[in-house]
>>> print(open('protein_17.txt').read())   # compact mmCIF, C-alpha atoms
# COMPACT_ATOMS: atom_id res chain seq x y z
CA MET E 555 -18.01 44.00 -30.33
CA LEU E 556 -20.43 46.24 -28.44
CA ARG E 557 -20.34 50.01 -28.57
CA LEU E 558 -22.77 51.62 -26.13
CA GLY E 559 -24.72 54.81 -27.13
CA GLU E 560 -24.93 54.19 -30.86
CA GLY E 561 -27.10 57.17 -32.00
CA ASP E 562 -28.76 55.48 -34.90
CA ARG E 563 -30.51 52.99 -32.79
CA SER E 564 -33.45 53.39 -30.44
CA PRO E 565 -32.83 52.75 -26.78
CA ALA E 566 -34.92 49.65 -27.13
CA ALA E 567 -32.91 48.51 -30.09
CA ALA E 568 -29.73 49.44 -28.28
CA ASP E 569 -30.94 47.43 -25.26
CA ALA E 570 -31.79 44.57 -27.51
CA GLY E 571 -28.36 44.87 -29.11
CA LEU E 572 -26.78 44.96 -25.66
CA ASN E 573 -28.65 41.84 -24.68
CA VAL E 574 -27.64 40.05 -27.84
CA ALA E 575 -24.03 41.15 -27.42
CA MET E 576 -24.00 40.15 -23.77
CA SER E 577 -25.56 36.87 -24.64
CA THR E 578 -22.96 36.32 -27.36
CA THR E 579 -20.17 37.23 -24.96
CA ALA E 580 -21.63 34.90 -22.36
CA THR E 581 -21.85 32.14 -24.95
CA VAL E 582 -18.26 32.71 -25.97
CA VAL E 583 -17.15 32.76 -22.32
CA ASP E 584 -19.23 29.70 -21.47
CA GLY E 585 -18.01 27.87 -24.54
CA ARG E 586 -14.43 28.67 -23.62
CA ARG E 587 -15.02 27.64 -20.03
CA LEU E 588 -16.67 24.41 -21.15
CA ARG E 589 -13.78 23.59 -23.46
CA SER E 590 -11.30 24.36 -20.71
CA GLU E 591 -13.26 22.17 -18.30
CA ARG E 592 -13.35 19.40 -20.88
CA THR E 593 -9.58 19.66 -21.40
CA ARG E 594 -9.09 19.51 -17.64
CA GLN E 595 -11.30 16.43 -17.47
CA LEU E 596 -9.42 14.74 -20.32
CA ILE E 597 -6.08 15.43 -18.61
CA ILE E 598 -7.37 13.86 -15.39
CA GLU E 599 -8.67 10.84 -17.29
CA ALA E 600 -5.34 10.51 -19.13
CA TYR E 601 -3.53 10.53 -15.78
CA LEU E 602 -5.86 7.83 -14.39
CA SER E 603 -5.59 5.71 -17.51
CA LEU E 604 -1.77 5.86 -17.37
CA LEU E 605 -1.88 4.73 -13.74
CA ARG E 606 -3.93 1.72 -14.79
CA ASP E 607 -1.39 0.83 -17.49
CA SER E 608 1.76 1.14 -15.40
CA THR E 609 2.81 1.28 -11.78
CA GLN E 610 5.12 4.21 -12.59
CA VAL E 611 3.89 7.68 -11.70
CA PRO E 612 3.15 9.30 -15.09
CA THR E 613 5.24 12.25 -16.26
CA SER E 614 3.70 15.46 -17.58
CA ALA E 615 4.87 14.53 -21.11
CA GLN E 616 3.12 11.15 -20.91
CA ILE E 617 -0.07 12.72 -19.56
CA ALA E 618 -0.07 15.37 -22.28
CA GLU E 619 0.50 12.79 -25.01
CA ARG E 620 -2.24 10.50 -23.72
CA ALA E 621 -4.71 13.38 -23.37
CA GLY E 622 -3.83 14.74 -26.81
CA TYR E 623 -2.65 18.14 -25.57
CA SER E 624 0.66 19.90 -25.09
CA VAL E 625 2.58 19.84 -21.82
CA ARG E 626 1.87 23.56 -21.62
CA SER E 627 -1.89 22.84 -21.69
CA VAL E 628 -1.45 20.54 -18.72
CA PHE E 629 0.31 23.22 -16.71
CA GLU E 630 -2.19 25.90 -17.77
CA ARG E 631 -4.86 23.94 -15.94
CA PHE E 632 -2.78 22.53 -13.08
CA PRO E 633 0.04 24.59 -11.54
CA ASP E 634 2.01 21.39 -10.84
CA LEU E 635 1.66 17.62 -10.94
CA MET E 636 0.61 17.52 -7.29
CA SER E 637 -2.45 19.65 -8.10
CA LEU E 638 -3.27 17.22 -10.88
CA ARG E 639 -2.93 14.29 -8.48
CA ILE E 640 -5.27 15.98 -6.03
CA ALA E 641 -7.82 16.77 -8.75
CA ALA E 642 -7.62 13.16 -10.01
CA THR E 643 -8.14 11.90 -6.46
CA ASP E 644 -11.25 14.07 -6.04
CA HIS E 645 -12.55 12.87 -9.40
CA ALA E 646 -11.96 9.24 -8.37
CA PHE E 647 -13.69 9.75 -5.01
CA ALA E 648 -16.72 11.32 -6.67
CA GLN E 649 -16.94 8.46 -9.18
CA GLY E 650 -16.29 5.81 -6.55
CA THR E 651 -18.91 7.19 -4.18
CA ALA E 652 -21.49 7.50 -6.96
CA SER E 653 -21.05 3.86 -8.00
CA ALA E 654 -20.96 2.47 -4.47
CA GLN E 655 -24.36 3.36 -3.06
CA LEU E 656 -25.35 1.44 0.05
CA ARG E 657 -27.59 -1.44 -0.90
CA ASP E 658 -29.37 -4.24 0.95
CA LEU E 659 -29.05 -2.55 4.34
CA ASP E 660 -32.17 -4.38 5.47
CA GLY E 661 -31.10 -7.72 4.02
CA ASP E 662 -30.26 -10.81 6.03
CA ARG E 663 -26.65 -11.47 7.06
CA GLU E 664 -25.65 -13.32 3.89
CA THR E 665 -27.29 -10.76 1.60
CA ARG E 666 -25.53 -7.88 3.33
CA ILE E 667 -22.15 -9.62 3.26
CA ARG E 668 -22.50 -10.46 -0.44
CA SER E 669 -23.72 -6.98 -1.29
CA GLN E 670 -20.85 -5.31 0.56
CA VAL E 671 -18.25 -7.63 -0.96
CA GLU E 672 -19.61 -7.10 -4.46
CA THR E 673 -19.45 -3.32 -4.13
CA ARG E 674 -16.05 -3.32 -2.46
CA ALA E 675 -14.60 -5.72 -5.04
CA ARG E 676 -15.82 -3.47 -7.85
CA THR E 677 -14.27 -0.45 -6.17
CA CYS E 678 -10.94 -2.24 -5.66
CA GLU E 679 -10.94 -3.56 -9.20
CA THR E 680 -11.50 -0.09 -10.63
CA TRP E 681 -9.51 2.10 -8.28
CA LEU E 682 -6.58 -0.01 -7.02
CA PRO E 683 -3.95 1.66 -9.27
CA MET E 684 -5.21 5.10 -8.27
CA TRP E 685 -5.22 4.09 -4.61
CA ARG E 686 -1.63 2.87 -4.85
CA ALA E 687 -0.45 6.11 -6.41
CA LEU E 688 -2.35 8.04 -3.77
CA THR E 689 -0.95 6.16 -0.79
CA ALA E 690 2.56 6.13 -2.23
CA ASN E 691 2.57 9.91 -2.65
CA GLN E 692 0.59 10.95 0.40
CA GLY E 693 3.76 11.83 2.29
CA ASP E 694 4.35 14.65 -0.21
CA SER E 695 1.13 16.50 0.53
CA ASP E 696 -1.16 17.13 3.48
CA GLU E 697 -4.06 17.41 1.06
CA LEU E 698 -3.44 13.89 -0.27
CA LYS E 699 -3.00 12.61 3.26
CA SER E 700 -6.33 14.07 4.32
CA ARG E 701 -8.03 12.42 1.35
CA VAL E 702 -6.56 9.01 2.24
CA ARG E 703 -7.82 9.49 5.78
CA LEU E 704 -11.25 10.51 4.54
CA ALA E 705 -11.45 7.49 2.25
CA ARG E 706 -10.60 5.17 5.13
CA GLU E 707 -13.19 6.83 7.34
CA LEU E 708 -15.82 6.33 4.65
CA ILE E 709 -14.86 2.66 4.29
CA LEU E 710 -15.14 2.16 8.06
CA ARG E 711 -18.46 4.02 8.19
CA ARG E 712 -19.81 1.85 5.43
CA LEU E 713 -18.74 -1.34 7.21
CA GLU E 714 -20.38 -0.06 10.40
CA LEU E 715 -23.66 0.54 8.60
CA MET E 716 -23.67 -2.73 6.67
CA TYR E 717 -22.90 -4.89 9.71
CA GLN E 718 -24.73 -2.87 12.32
CA PRO E 719 -26.93 -5.86 13.37
CA GLU E 720 -23.80 -7.90 14.17
CA LEU E 721 -21.55 -5.15 15.54
CA SER E 722 -24.28 -3.88 17.85
CA THR E 723 -24.03 -7.11 19.83
CA LEU E 724 -20.44 -6.31 20.82
CA ALA E 725 -19.26 -4.11 23.67
CA GLU E 726 -16.31 -1.76 23.26
CA PRO E 727 -13.46 -2.25 22.56
CA MET E 728 -14.42 -5.49 20.79
CA ARG E 729 -16.75 -3.67 18.39
CA ARG E 730 -13.94 -1.33 17.33
CA TYR E 731 -11.41 -4.16 17.11
CA THR E 732 -13.74 -6.14 14.86
CA LEU E 733 -14.28 -3.12 12.63
CA ILE E 734 -10.53 -2.54 12.32
CA ALA E 735 -9.99 -6.21 11.43
CA LEU E 736 -12.76 -6.04 8.83
CA GLU E 737 -11.14 -3.00 7.28
CA ALA E 738 -7.75 -4.74 7.12
CA LEU E 739 -9.23 -7.86 5.58
CA THR E 740 -11.03 -5.97 2.82
CA ASP E 741 -8.28 -3.46 2.12
CA PHE E 742 -7.30 -2.55 -1.45
CA GLU E 743 -4.01 -4.43 -1.13
CA SER E 744 -5.77 -7.53 0.17
CA TRP E 745 -7.72 -7.52 -3.09
CA GLY E 746 -4.57 -6.71 -5.08
CA ARG E 747 -2.70 -9.69 -3.61
CA MET E 748 -5.50 -12.13 -4.34
CA ARG E 749 -5.85 -10.96 -7.93
CA GLU E 750 -2.21 -10.30 -8.83
CA ASN E 751 -0.07 -12.55 -6.64
CA TYR E 752 -2.40 -15.54 -6.35
CA GLY E 753 -4.20 -15.16 -9.68
CA LEU E 754 -7.70 -15.52 -8.24
CA THR E 755 -10.67 -14.55 -10.39
CA ILE E 756 -13.03 -11.81 -9.17
CA GLY E 757 -15.49 -14.53 -8.14
CA GLU E 758 -12.87 -16.54 -6.22
CA ALA E 759 -11.47 -13.47 -4.48
CA SER E 760 -15.00 -12.40 -3.54
CA GLU E 761 -15.65 -15.83 -2.04
CA VAL E 762 -12.53 -15.47 0.15
CA TRP E 763 -13.85 -12.18 1.49
CA ILE E 764 -17.39 -13.51 2.00
CA ARG E 765 -16.14 -16.43 4.06
CA THR E 766 -13.70 -14.27 6.00
CA ILE E 767 -16.29 -11.64 6.92
CA ASP E 768 -18.79 -14.31 7.91
CA ARG E 769 -16.25 -15.88 10.28
CA LEU E 770 -15.15 -12.60 11.72
CA LEU E 771 -18.58 -11.17 12.44
CA PRO E 772 -20.35 -12.18 15.65
CA ALA E 773 -23.82 -13.73 15.55
CA THR E 774 -26.52 -11.51 14.07
CA SER E 775 -28.71 -9.74 16.57
CA ALA E 776 -32.26 -11.12 16.66
CA ALA E 777 -33.74 -7.60 16.85
CA MET O 880 34.25 -14.00 2.28
CA SER O 881 34.22 -17.74 2.76
CA ASP O 882 37.21 -18.15 0.43
CA ALA O 883 39.31 -15.57 2.25
CA VAL O 884 41.05 -18.10 4.55
CA GLN O 885 41.16 -21.75 3.59
CA PRO O 886 41.95 -24.37 6.28
CA GLY O 887 45.38 -25.92 5.80
CA ASP O 888 46.78 -22.93 3.94
CA ASP O 889 48.95 -21.86 6.88
CA GLY O 890 52.58 -22.55 6.11
CA ALA O 891 51.83 -24.44 2.91
CA ARG O 892 53.10 -21.60 0.74
CA PRO O 893 55.70 -19.70 2.69
CA SER O 894 56.35 -17.29 -0.17
CA GLY O 895 52.73 -16.18 -0.14
CA GLU O 896 52.51 -15.64 3.62
CA GLY O 897 53.17 -11.94 3.39
CA ARG O 898 50.51 -11.36 0.72
CA GLU O 899 47.56 -13.37 2.04
CA PRO O 900 46.95 -11.49 5.30
CA ARG O 901 47.14 -8.19 3.45
CA ILE O 902 44.54 -9.33 0.91
CA ASP O 903 42.33 -10.65 3.69
CA GLY O 904 42.67 -7.42 5.60
CA ARG O 905 41.69 -5.43 2.53
CA ARG O 906 38.76 -7.69 1.86
CA LEU O 907 37.64 -7.46 5.46
CA ARG O 908 37.84 -3.68 5.38
CA SER O 909 35.89 -3.61 2.15
CA GLU O 910 33.26 -5.92 3.64
CA ARG O 911 33.06 -3.72 6.71
CA THR O 912 32.56 -0.62 4.54
CA ARG O 913 29.84 -2.41 2.64
CA ARG O 914 28.09 -3.33 5.89
CA LEU O 915 28.37 0.21 7.25
CA ILE O 916 26.85 1.59 4.06
CA ILE O 917 23.93 -0.84 4.37
CA GLU O 918 23.46 0.04 8.04
CA ALA O 919 23.58 3.76 7.21
CA TYR O 920 20.83 3.22 4.62
CA ILE O 921 18.66 1.38 7.16
CA ALA O 922 19.23 4.00 9.87
CA LEU O 923 18.27 6.82 7.50
CA VAL O 924 15.08 5.06 6.40
CA ARG O 925 14.08 4.47 10.02
CA GLU O 926 14.64 8.13 10.82
CA THR O 927 12.99 9.73 7.82
CA GLY O 928 10.73 7.10 6.27
CA HIS O 929 12.15 8.08 2.86
CA MET O 930 14.55 6.54 0.40
CA PRO O 931 17.92 8.21 1.14
CA THR O 932 20.15 9.79 -1.48
CA ALA O 933 23.68 8.58 -2.16
CA ALA O 934 25.06 11.74 -0.53
CA GLN O 935 23.02 11.18 2.65
CA ILE O 936 24.10 7.54 2.87
CA ALA O 937 27.75 8.44 2.32
CA GLU O 938 27.64 11.14 4.98
CA ARG O 939 25.96 8.86 7.54
CA ALA O 940 28.35 5.99 6.83
CA GLY O 941 31.38 8.27 6.96
CA TYR O 942 32.54 7.51 3.42
CA SER O 943 32.54 9.29 0.09
CA VAL O 944 29.79 8.87 -2.50
CA ARG O 945 32.43 7.25 -4.69
CA SER O 946 32.98 4.57 -2.02
CA ILE O 947 29.32 3.64 -2.27
CA PHE O 948 29.42 3.23 -6.02
CA GLU O 949 32.63 1.22 -5.80
CA ARG O 950 30.68 -1.38 -3.84
CA PHE O 951 27.25 -1.04 -5.44
CA PRO O 952 26.80 -0.30 -9.15
CA ASP O 953 23.69 1.78 -8.44
CA LEU O 954 21.21 2.55 -5.67
CA THR O 955 18.92 -0.30 -6.73
CA ALA O 956 21.77 -2.76 -6.13
CA LEU O 957 22.19 -1.19 -2.70
CA ARG O 958 18.44 -1.60 -2.06
CA VAL O 959 18.78 -5.29 -2.94
CA ALA O 960 21.73 -5.67 -0.56
CA VAL O 961 19.78 -3.88 2.19
CA THR O 962 16.88 -6.28 1.63
CA ASP O 963 19.15 -9.33 1.89
CA TYR O 964 20.74 -7.96 5.05
CA SER O 965 17.31 -7.29 6.57
CA ILE O 966 15.96 -10.72 5.68
CA ALA O 967 18.99 -12.33 7.35
CA GLU O 968 18.59 -10.20 10.47
CA ALA O 969 14.85 -10.76 10.69
CA ARG O 970 15.32 -14.52 10.37
CA ALA O 971 18.02 -14.54 13.03
CA THR O 972 15.88 -12.65 15.54
CA GLY O 973 12.51 -14.15 14.68
CA ALA O 974 12.93 -17.80 15.50
CA LEU O 975 9.70 -19.80 15.77
CA ARG O 976 8.51 -20.06 19.34
CA ASP O 977 5.71 -21.95 21.13
CA LEU O 978 5.10 -24.30 18.20
CA ASP O 979 3.84 -26.91 20.66
CA GLY O 980 1.71 -24.49 22.67
CA ASP O 981 -2.07 -24.53 22.84
CA ARG O 982 -4.13 -22.50 20.37
CA LEU O 983 -4.11 -19.23 22.30
CA THR O 984 -0.41 -19.49 23.18
CA ARG O 985 0.48 -19.99 19.52
CA ILE O 986 -1.76 -17.15 18.38
CA ARG O 987 -0.30 -14.79 20.97
CA SER O 988 3.26 -15.85 20.18
CA GLN O 989 2.75 -15.32 16.45
CA VAL O 990 1.07 -11.94 16.97
CA SER O 991 3.70 -10.69 19.38
CA GLN O 992 6.54 -11.62 17.03
CA ARG O 993 4.79 -10.25 13.98
CA GLY O 994 3.86 -7.05 15.81
CA SER O 995 7.47 -6.55 16.90
CA GLY O 996 8.64 -7.30 13.37
CA CYS O 997 6.26 -4.72 11.92
CA GLU O 998 7.37 -2.13 14.48
CA ARG O 999 10.99 -2.73 13.57
CA TRP O 1000 10.79 -3.17 9.81
CA LEU O 1001 7.79 -1.12 8.64
CA PRO O 1002 9.69 2.00 7.42
CA LEU O 1003 12.19 -0.16 5.57
CA TRP O 1004 9.45 -2.37 4.14
CA ARG O 1005 7.70 0.69 2.76
CA VAL O 1006 10.82 2.01 1.08
CA LEU O 1007 11.99 -1.35 -0.25
CA SER O 1008 8.63 -2.47 -1.57
CA SER O 1009 7.77 0.80 -3.33
CA ASP O 1010 8.36 1.28 -7.03
CA LEU O 1011 9.48 -2.26 -7.87
CA SER O 1012 8.65 -2.12 -11.55
CA GLU O 1013 12.24 -1.67 -12.68
CA ALA O 1014 13.90 -3.84 -10.04
CA PRO O 1015 13.20 -7.53 -10.72
CA ASP O 1016 15.78 -8.63 -8.09
CA LEU O 1017 13.99 -6.62 -5.48
CA GLN O 1018 10.59 -7.82 -6.66
CA GLN O 1019 11.77 -11.40 -6.23
CA ARG O 1020 12.99 -10.70 -2.69
CA ILE O 1021 9.78 -8.93 -1.67
CA GLY O 1022 7.93 -12.00 -2.94
CA MET O 1023 10.25 -14.16 -0.86
CA ILE O 1024 9.56 -12.15 2.30
CA ARG O 1025 5.83 -12.57 1.73
CA GLN O 1026 6.35 -16.33 1.30
CA LEU O 1027 8.36 -16.55 4.50
CA ILE O 1028 5.58 -14.76 6.41
CA VAL O 1029 2.98 -17.14 5.01
CA MET O 1030 5.14 -20.23 5.71
CA ARG O 1031 5.60 -19.10 9.27
CA MET O 1032 1.84 -18.79 9.79
CA GLU O 1033 1.29 -22.20 8.22
CA MET O 1034 3.71 -23.71 10.72
CA MET O 1035 2.30 -21.87 13.71
CA PHE O 1036 -1.29 -22.83 12.89
CA ARG O 1037 -0.63 -26.29 11.49
CA PRO O 1038 -2.94 -28.06 13.96
CA GLU O 1039 -5.90 -25.92 12.86
CA LEU O 1040 -5.07 -25.95 9.14
CA SER O 1041 -4.24 -29.64 8.89
CA LEU O 1042 -7.77 -30.98 9.14
CA VAL O 1043 -9.57 -28.69 6.71
CA SER O 1044 -9.88 -28.97 2.94
CA ASP O 1045 -7.35 -27.32 0.64
CA ALA O 1046 -9.90 -24.70 -0.37
CA VAL O 1047 -10.64 -23.71 3.22
CA ARG O 1048 -6.94 -23.73 4.11
CA LYS O 1049 -6.16 -21.45 1.18
CA LYS O 1050 -8.97 -19.03 2.03
CA THR O 1051 -7.90 -18.93 5.66
CA MET O 1052 -4.28 -18.25 4.74
CA LEU O 1053 -5.26 -15.45 2.36
CA ALA O 1054 -7.29 -13.84 5.11
CA LEU O 1055 -4.51 -14.22 7.68
CA GLU O 1056 -1.98 -12.74 5.29
CA SER O 1057 -4.13 -9.65 4.75
CA LEU O 1058 -4.82 -9.28 8.42
CA LEU O 1059 -1.16 -9.53 9.44
CA ASP O 1060 0.14 -7.30 6.69
CA PHE O 1061 2.64 -4.52 7.47
CA GLU O 1062 0.17 -1.83 6.46
CA SER O 1063 -2.59 -3.35 8.58
CA TRP O 1064 -0.28 -2.92 11.56
CA ALA O 1065 0.66 0.58 10.44
CA ARG O 1066 -2.97 1.69 10.26
CA MET O 1067 -3.69 0.42 13.75
CA ARG O 1068 -0.70 2.26 15.18
CA GLU O 1069 -0.63 5.42 13.06
CA LEU O 1070 -4.21 5.99 11.96
CA TYR O 1071 -6.29 4.50 14.76
CA GLY O 1072 -3.76 5.36 17.48
CA LEU O 1073 -3.76 1.92 19.11
CA SER O 1074 -0.99 1.01 21.56
CA PHE O 1075 1.22 -1.99 20.78
CA GLU O 1076 -0.86 -4.16 23.15
CA GLU O 1077 -4.19 -2.97 21.73
CA ALA O 1078 -3.04 -3.63 18.19
CA CYS O 1079 -1.93 -7.12 19.26
CA SER O 1080 -5.38 -7.69 20.81
CA VAL O 1081 -7.08 -6.82 17.49
CA TRP O 1082 -4.98 -9.43 15.72
CA VAL O 1083 -5.28 -12.08 18.42
CA LYS O 1084 -9.07 -11.87 18.50
CA ALA O 1085 -9.40 -11.78 14.72
CA ILE O 1086 -7.06 -14.76 14.19
CA ASP O 1087 -8.98 -16.73 16.79
CA ARG O 1088 -12.21 -16.16 14.86
CA LEU O 1089 -10.68 -16.86 11.45
CA LEU O 1090 -8.85 -20.09 12.31
CA PRO O 1091 -10.72 -23.38 12.05
CA GLN O 1092 -11.29 -25.35 15.22
CA THR O 1093 -8.25 -26.88 16.90
CA PRO O 1094 -8.33 -30.69 16.69
CA ALA O 1095 -8.78 -32.39 20.06
>>> encode(input="protein_17.txt", output="structure tokens")
Amino acid sequence: MLRLGEGDRSPAAADAGLNVAMSTTATVVDGRRLRSERTRQLIIEAYLSLLRDSTQVPTSAQIAERAGYSVRSVFERFPDLMSLRIAATDHAFAQGTASAQLRDLDGDRETRIRSQVETRARTCETWLPMWRALTANQGDSDELKSRVRLARELILRRLELMYQPELSTLAEPMRRYTLIALEALTDFESWGRMRENYGLTIGEASEVWIRTIDRLLPATSAA
Amino acid sequence: MSDAVQPGDDGARPSGEGREPRIDGRRLRSERTRRLIIEAYIALVRETGHMPTAAQIAERAGYSVRSIFERFPDLTALRVAVTDYSIAEARATGALRDLDGDRLTRIRSQVSQRGSGCERWLPLWRVLSSDLSEAPDLQQRIGMIRQLIVMRMEMMFRPELSLVSDAVRKKTMLALESLLDFESWARMRELYGLSFEEACSVWVKAIDRLLPQTPA
């Protein structure tokens, strides 16, 4: 494409040609990279969508078919299915964190409980299948295990921030015990049971959590 | 097994005397092999936390792989048998206690039994309850175990649950079920590093807050 030192062109023209060629190369490279990134993204989304459709861990053939690529394309972007699982987990965490911003931190007790339950319910509703696949397979990979641990830490941290006015009234170890109980009560599987086993609507399941949290939390600090 | 020896059979058919004990002996041996295979499966799950292979089970039980598949058509059928065996054992060792105790005694009794149950059965629970989509028999049994856990709590906390509306009772039970779940126990012990007693304290205090007032 580019031949340096072409005699029939001025240095300026040659420079200009070099710039154009470089720019073209960059465009080609960027375009290729973008397409590759898009393929990668579509493979991750295919994996997540298959998890939502079935409790079975998807095979590479199913993922490829759903994404509209060949199995080879899948393995060109991910050395193995574990790498794909890890990438999908990171994608889910990024999405989940972006859509679960802390809100109503300064609200009264009821507002904070409702706000937290609403956000947590949305997260569970969207990410329960992914969470199940993640926890079921965490034994196969330290990377997955560390992500499960991180997710739980973030959930605990969020509960701590949302209910700081109530938790601050408790001495240790009661504060920690209450936090652990809150985490258990609003776990993904707690939501899953209410929705799948007991057939509760999102509104009904949310009401169970709201009442439960209200009973579990100590009185709100006056400060 | 119940039809192996019928009362009144002794001496009634002298010509069959020689055959019956042999059949019974064979059946007993077969039943014993079956039980040893189930126990090998349980022991392996407790040790490794993973679903064992047929070869591992056979080796642990001291039989051939063929012996396993003579008694169980496939590994899912073995999982179902392991579940039935475990349910029977858990029921035998987990009799209801302190039903007439005061509120705190009943809460502590329930928590101590449930905590011990989780300690004992958690690895097996994880293996048996994973990947149920193609095992309706197993799905049904897992549902039954959940029901038994809920029924037990309803009995233990009857005084508190009896005076509230259906809606409140249902919400309370849903919360208690989540709180006392196997994985809730596992997180306390494995992730948060709580001792058995500390984990029990978390549950005792939470149940006390979640339960309605005890009637006078």
>>> interface_residues(input="protein_17.txt", of="chain O", to="chain E", cutoff="8 Å", atoms="only C-alpha atoms", output="list in words")
Ser1009, Asp1010, Ser1012, Lys1050, Thr1051, Leu1053, Ala1054, Ser1057, Leu1058, Ser1063, Met1067, Leu1070, Ser1080, Val1081, Trp1082, Ala1085, Arg1088 and Leu1089 of chain O
>>> closest_residue(input="protein_17.txt", among="E:Ile667, E:Ala776, E:Ala687, E:Ala648", to="Ala705 in chain E", atoms="only C-alpha atoms")
E:Ala648
>>> atom_distance(input="protein_17.txt", atom1="CA of Thr984 in chain O", atom2="CA of Arg1031 in chain O")
15.2 Å
>>> atom_distance(input="protein_17.txt", atom1="CA of Ala971 in chain O", atom2="CA of Gln992 in chain O")
12.5 Å
>>> residues_around(input="protein_17.txt", residues="Ser653 in chain E", least_positions_apart="5", cutoff="10 Å", atoms="all atoms listed in the file", output="JSON, numbers by chain")
{"E": [647, 648, 673, 676, 677]}
>>> closest_residue(input="protein_17.txt", among="E:Ala675, E:Ala600, E:Leu656, E:Leu724", to="Gly746 in chain E", atoms="all atoms listed in the file")
E:Ala675
>>> residues_around(input="protein_17.txt", residues="Thr912 in chain O", least_positions_apart="2", cutoff="10 Å", atoms="only C-alpha atoms", output="ChimeraX atom specification")
/O:906-910,914-918,940-942,946-947,950
>>> residues_near_point(input="protein_17.txt", point="(-9.8, 16.5, -18.0)", cutoff="12 Å", atoms="only C-alpha atoms", output="ChimeraX atom specification")
/E:588-603,617-618,620-623,627-628,631-632,638-639,641-642,645
>>> atom_distance(input="protein_17.txt", atom1="CA of Glu726 in chain E", atom2="CA of Gly996 in chain O")
27.4 Å
>>> residues_around(input="protein_17.txt", residues="Gly1022 in chain O", least_positions_apart="6", cutoff="12 Å", atoms="all atoms listed in the file", output="PDB file with C-alpha atoms, in the frame of the given file")
ATOM      1  CA  ARG E 747      -2.700  -9.690  -3.610  1.00  0.00           C
ATOM      2  CA  GLU E 750      -2.210 -10.300  -8.830  1.00  0.00           C
ATOM      3  CA  ASN E 751      -0.070 -12.550  -6.640  1.00  0.00           C
ATOM      4  CA  TYR E 752      -2.400 -15.540  -6.350  1.00  0.00           C
TER       5      TYR E 752
ATOM      6  CA  THR O 962      16.880  -6.280   1.630  1.00  0.00           C
ATOM      7  CA  ILE O 966      15.960 -10.720   5.680  1.00  0.00           C
ATOM      8  CA  LEU O1007      11.990  -1.350  -0.250  1.00  0.00           C
ATOM      9  CA  SER O1008       8.630  -2.470  -1.570  1.00  0.00           C
ATOM     10  CA  LEU O1011       9.480  -2.260  -7.870  1.00  0.00           C
ATOM     11  CA  PRO O1015      13.200  -7.530 -10.720  1.00  0.00           C
ATOM     12  CA  ASP O1016      15.780  -8.630  -8.090  1.00  0.00           C
ATOM     13  CA  ILE O1028       5.580 -14.760   6.410  1.00  0.00           C
ATOM     14  CA  VAL O1029       2.980 -17.140   5.010  1.00  0.00           C
TER      15      VAL O1029
END
>>> decode(input="protein_17.txt", residues="range 581-595 of chain E", atoms="C-alpha atoms", output="mmCIF file, in the first residue's frame")
data_model
loop_
_atom_site.group_PDB
_atom_site.id
_atom_site.type_symbol
_atom_site.label_atom_id
_atom_site.label_comp_id
_atom_site.auth_asym_id
_atom_site.auth_seq_id
_atom_site.Cartn_x
_atom_site.Cartn_y
_atom_site.Cartn_z
ATOM 1 C CA THR E 581 -8.870 3.098 9.802
ATOM 2 C CA VAL E 582 -8.592 -0.445 8.514
ATOM 3 C CA VAL E 583 -7.038 -1.606 11.791
ATOM 4 C CA ASP E 584 -9.588 0.295 13.870
ATOM 5 C CA GLY E 585 -12.440 -0.981 11.740
ATOM 6 C CA ARG E 586 -11.184 -4.522 12.138
ATOM 7 C CA ARG E 587 -10.720 -4.044 15.859
ATOM 8 C CA LEU E 588 -14.192 -2.562 16.186
ATOM 9 C CA ARG E 589 -15.740 -5.456 14.282
ATOM 10 C CA SER E 590 -13.829 -7.926 16.409
ATOM 11 C CA GLU E 591 -14.951 -6.128 19.559
ATOM 12 C CA ARG E 592 -18.525 -6.157 18.309
ATOM 13 C CA THR E 593 -18.324 -9.899 17.593
ATOM 14 C CA ARG E 594 -16.936 -10.450 21.081
ATOM 15 C CA GLN E 595 -19.786 -8.420 22.537
#
